[in-house]
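Comments concern the structure below.
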Amino acid sequence: MSQQHVPAWIHVIVIPLANILLASFAAGLVFLYLDINPLDAVSTMAYGAFGDSYGWGYTLYYTTSFIFTGLAVAVAFHCGLFNIGGEGQAYIGALGVGLVCLGLGGHVPFIILLPISIIAAGVFGAAWALIPAWLQAYRGSHIVITTIMFNFIASALMGYLLVEVLKPVGTMSVESAVFDQASWIPKMWEVLGFFGIDLQKSPLNLSIVWAILCAAGVYYFIWQTRWGYEIRSTGQNSSAAEYAGINLGKTVVLAMLVSGMLAGFFALNVVQGEAHQIKLSLVNGMGFTGIAVALMGRNHPLGIVIASLLFGFLYQGGGELQFEYGVDPRIIVVLQGLVILFSGALEKMMKHPIEKLYLKLASGSKKSAAAEA
Amino acid sequence: MEAFNSLILILDATLRVATPLIFAALAGMFSERTGIVNIALEGKILASAFAGAAAAYVTNSPWMGLLAGVMVSVVFAWMHAFATVTHNGDHVVSGMAINILAAGLTAALGNFWFKQGGNTPNLVDPFNDIDARFSPITLPFADQLADVPVIGGLYSELISGHFLLVYIALAAVPVCWWVMFRTRFGLRMRAVGENPSAVDTAGISVAGMRYLSLTICGVLAGLAGVYLSVAVTAQFLPNMSAGKGYMALAALIFGKWRPRGALLACLMFGILQAIADRSQGVSLGGFAIPVQAIEALPYVLTVVLLAGFIGKAIPPKAIGRPYVKERE
């Protein structure tokens, strides 16, 4: 009985769904307390997020951000590392994008600038992950603590640069100059409008294509390359990996560099695609949302894209709740916390009962099949 | 005399800024010494600050605020224990969940109850007869001695005139040291963090010890939150913990998981903050040091310490690992 096999779909589909249902149930109770009928709230949110091309645009814009930060967390997870530093890495990535756009915008054609800004976003983000990675790999300091510290250091550094260096003389608000229009990543409504498809204006831009490419790239990297194999081995059992001849230090640094790079790409969407300038605390917790996205997507790129869409829906729909019910839009943050709690911290709570139930049902149906024969 | 006065003012501000860090670092010590990673300090501080201010306003009593804040913080600590001890969940993920949950719940509930954009109403409001803030305590003879040179500054400005919670925080340090290093309870607690199976073999419940230590952690973190909202600002503001939980964690690591070390680290971080608050940067030998650099210094120093370049910080051995009883 105890040795019976529990099929993969139980772990991949049933248990995650059960966890999300629990989280939704808990969220439903919070909504009820706030005098909101949860079902009405869901339909309001669905209308706000998917009702028209404006809603869709915002939803997919947020989705793009979450794909980047979610993939970043997932790659580190595969190596057994918890990268809480997505927030800081994305912020520094924005610096890279900003410097490229401020320096080259208008001087070189967009088609040449874009690859440079993509590389800058990735390199700056990866650079911010390098020191925590190196310390984890070779000095034994814990990556969770160092990446937390680096988030704060990043925000102090960016605060300084914005106030003292990047802020144009004579302006009041703490933000950089607006980039030259030639460096902006085209908006989706502009691109599709060119082909005769009419969309309402929204911040959705071509970064989403890059996000999908990155998701595919992460899949290939983690499951089809030697590096990915080494990362997964290190994450599953580092002593076995070391015994098999894998260089642990190098693998840890590699995983964190890729993770930081992906977090840095966040800036393409938000800075080069939408804000067109560097602003204070532009990441605004989305790096942390990446943790929820990765947990929910089971660290698989496909799962992460789906989870990002869900969170994009929550973010856009949550704004709609504010108009409809006057509720604080940060109610979405509660939902996010509940998802992390139930599908992350309490994931084992549902695992054993569901496995037991499955085994009971399976053995029951086998017995009845045997009786019929 | 001028220099002396500004020194006194900076030290005075240091005590004020360091108090929540001291509470939170001690809270973290109880948790981490028994092997539970606690990045949830931030969320507990925020939640208790909110609950404290809300309850103090509604009941018009700072003491009820204190009680409510501590209770809410303990509930969050139990949630952390339920996930990490009972269900062997990942400590960091659970901590993250609590931080995010606290940030969302305080904002959403605050807006729902008080309709002030997530703030609680001011705790000092003479027009509506509300006075629910802790008042500073003036020690005996402070007023008489205020004009005496040097002693007046030291005693009346620096030592007297703080909130009760400041003195409690300072007193809590030796008390926590005594509990942790001089009692049987503390020995067991530390043993759980180093070698839980040995403790289990001795017939002591590992889970029980961890729940207990997280309860103490909740109480102390609650005091930190209540101090922020009910004593200092007399109001809850969204996200008012502003990274203090993480900074306390850094102080705890800096103090090598010991009360005295943590206290010194908190005071050092407090001085840095007080200097940063007072001035727009400090100039040192002609170089202007920007205020952001002073603010980032605690974090940079902690990273350098963790890297093993200035002494070595060795965490409790069983930290972050779930304890699963061996079974046949």
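Identifiers for the structure tokens are assigned positionally: chains receive A, B, ... in sequence, residues are indexed from 1 per chain, and ligands are indexed from 1 in the order shown.
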Might you pull out every residue within 7 Å of B:Ala274, with only C-alpha atoms counted and same-chain residues fewer than 3 positions away left off, and present them as a PDB file with C-alpha atoms, in the first residue's frame?
ATOM      1  CA  ILE B  10      22.482  62.640  18.040  1.00  0.00           C
ATOM      2  CA  ALA B  13      18.010  60.280  18.460  1.00  0.00           C
ATOM      3  CA  THR B  14      20.092  57.111  18.322  1.00  0.00           C
ATOM      4  CA  GLY B 270      20.884  53.779  15.028  1.00  0.00           C
ATOM      5  CA  ILE B 271      23.740  56.289  15.117  1.00  0.00           C
ATOM      6  CA  ASP B 277      18.377  62.094   9.523  1.00  0.00           C
ATOM      7  CA  ARG B 278      20.080  65.128  11.016  1.00  0.00           C
TER       8      ARG B 278
END
Given only C-alpha atoms, how would the per-residue table for chain A near chain B read, listing every residue at most 8 Å away with its closest atom pair and distance in Å to one decimal, sorted by chain and number, as a tab-separated table?
residue	atom	partner	partner_atom	distance
A:Leu34	CA	B:Phe112	CA	6.9
A:Leu135	CA	B:Ala307	CA	6.0
A:Arg139	CA	B:Ala307	CA	5.6
A:Gly140	CA	B:Ala307	CA	7.3
A:Ser141	CA	B:Leu306	CA	5.3
A:His142	CA	B:Leu306	CA	7.9
A:Val144	CA	B:Val92	CA	8.0
A:Ile145	CA	B:Ala250	CA	7.9
A:Thr146	CA	B:Val303	CA	6.0
A:Ile148	CA	B:Tyr246	CA	7.6
A:Met149	CA	B:Tyr299	CA	5.1
A:Phe150	CA	B:Tyr299	CA	7.4
A:Phe152	CA	B:Ala296	CA	6.8
A:Ile153	CA	B:Ala296	CA	5.3
A:Ala156	CA	B:Gln292	CA	5.2
A:Leu157	CA	B:Gln292	CA	6.9
A:Gly159	CA	B:Gln292	CA	7.1
A:Tyr160	CA	B:Gln292	CA	6.0
A:Val327	CA	B:Phe112	CA	6.9
A:Asp328	CA	B:Ala108	CA	5.2
A:Pro329	CA	B:Ala108	CA	7.6
A:Arg330	CA	B:Gly104	CA	5.5
A:Ile331	CA	B:Ala108	CA	5.4
A:Ile332	CA	B:Gly104	CA	7.2
A:Val333	CA	B:Gly104	CA	4.7
A:Val334	CA	B:Gly104	CA	4.5
A:Leu335	CA	B:Leu101	CA	7.8
A:Gln336	CA	B:Ile100	CA	7.3
A:Gly337	CA	B:Leu101	CA	4.5
A:Leu338	CA	B:Leu101	CA	6.8
A:Val339	CA	B:Ala97	CA	8.0
A:Ile340	CA	B:Ala97	CA	5.2
A:Leu341	CA	B:Ala97	CA	5.1
A:Gly344	CA	B:Val93	CA	6.1
A:Ala345	CA	B:Gly89	CA	4.6
A:Leu346	CA	B:Ala83	CA	5.5
A:Glu347	CA	B:Gly89	CA	7.1
A:Lys348	CA	B:His87	CA	6.1
A:Met349	CA	B:His87	CA	5.9
Okay, now the selection with C-alpha atoms, as a PDB file, in the first residue's frame?
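What landed in selection.pdb:
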ATOM      1  CA  LEU A  34     -14.795  44.024   3.424  1.00  0.00           C
ATOM      2  CA  LEU A 135      29.692  35.198  -1.625  1.00  0.00           C
ATOM      3  CA  ARG A 139      32.477  32.516   1.188  1.00  0.00           C
ATOM      4  CA  GLY A 140      29.473  30.601   2.486  1.00  0.00           C
ATOM      5  CA  SER A 141      27.290  33.624   3.265  1.00  0.00           C
ATOM      6  CA  HIS A 142      23.629  32.967   2.805  1.00  0.00           C
ATOM      7  CA  VAL A 144      18.790  35.159   1.143  1.00  0.00           C
ATOM      8  CA  ILE A 145      20.387  37.609   3.548  1.00  0.00           C
ATOM      9  CA  THR A 146      22.836  39.059   1.044  1.00  0.00           C
ATOM     10  CA  ILE A 148      17.941  41.321   0.902  1.00  0.00           C
ATOM     11  CA  MET A 149      20.846  43.593   1.807  1.00  0.00           C
ATOM     12  CA  PHE A 150      21.520  44.243  -1.869  1.00  0.00           C
ATOM     13  CA  PHE A 152      18.433  48.077   0.146  1.00  0.00           C
ATOM     14  CA  ILE A 153      21.835  48.974  -1.226  1.00  0.00           C
ATOM     15  CA  ALA A 156      20.089  53.769  -1.763  1.00  0.00           C
ATOM     16  CA  LEU A 157      22.356  53.784  -4.812  1.00  0.00           C
ATOM     17  CA  GLY A 159      18.209  57.243  -4.866  1.00  0.00           C
ATOM     18  CA  TYR A 160      21.612  58.873  -4.884  1.00  0.00           C
ATOM     19  CA  VAL A 327     -11.724  49.256  -1.728  1.00  0.00           C
ATOM     20  CA  ASP A 328      -8.005  49.759  -1.406  1.00  0.00           C
ATOM     21  CA  PRO A 329      -6.283  48.310  -4.494  1.00  0.00           C
ATOM     22  CA  ARG A 330      -3.669  46.802  -2.214  1.00  0.00           C
ATOM     23  CA  ILE A 331      -6.206  44.084  -1.483  1.00  0.00           C
ATOM     24  CA  ILE A 332      -4.417  42.352  -4.368  1.00  0.00           C
ATOM     25  CA  VAL A 333      -1.299  42.231  -2.228  1.00  0.00           C
ATOM     26  CA  VAL A 334      -3.299  40.216   0.319  1.00  0.00           C
ATOM     27  CA  LEU A 335      -4.189  37.756  -2.398  1.00  0.00           C
ATOM     28  CA  GLN A 336      -0.568  37.524  -3.429  1.00  0.00           C
ATOM     29  CA  GLY A 337       0.486  36.829   0.158  1.00  0.00           C
ATOM     30  CA  LEU A 338      -2.146  34.118   0.478  1.00  0.00           C
ATOM     31  CA  VAL A 339      -0.924  32.463  -2.725  1.00  0.00           C
ATOM     32  CA  ILE A 340       2.652  32.407  -1.428  1.00  0.00           C
ATOM     33  CA  LEU A 341       1.438  31.100   1.913  1.00  0.00           C
ATOM     34  CA  GLY A 344       4.605  27.875  -1.055  1.00  0.00           C
ATOM     35  CA  ALA A 345       4.918  27.649   2.701  1.00  0.00           C
ATOM     36  CA  LEU A 346       2.003  25.287   3.262  1.00  0.00           C
ATOM     37  CA  GLU A 347       2.392  23.223   0.098  1.00  0.00           C
ATOM     38  CA  LYS A 348       2.920  20.044   2.114  1.00  0.00           C
ATOM     39  CA  MET A 349      -0.243  20.563   4.099  1.00  0.00           C
TER      40      MET A 349
END
Practice prompt. Calculate how many Å separate atom CA of B:Gly28 from atom CA of B:Ser213, rounding to one decimal.
Written response: 9.8 Å
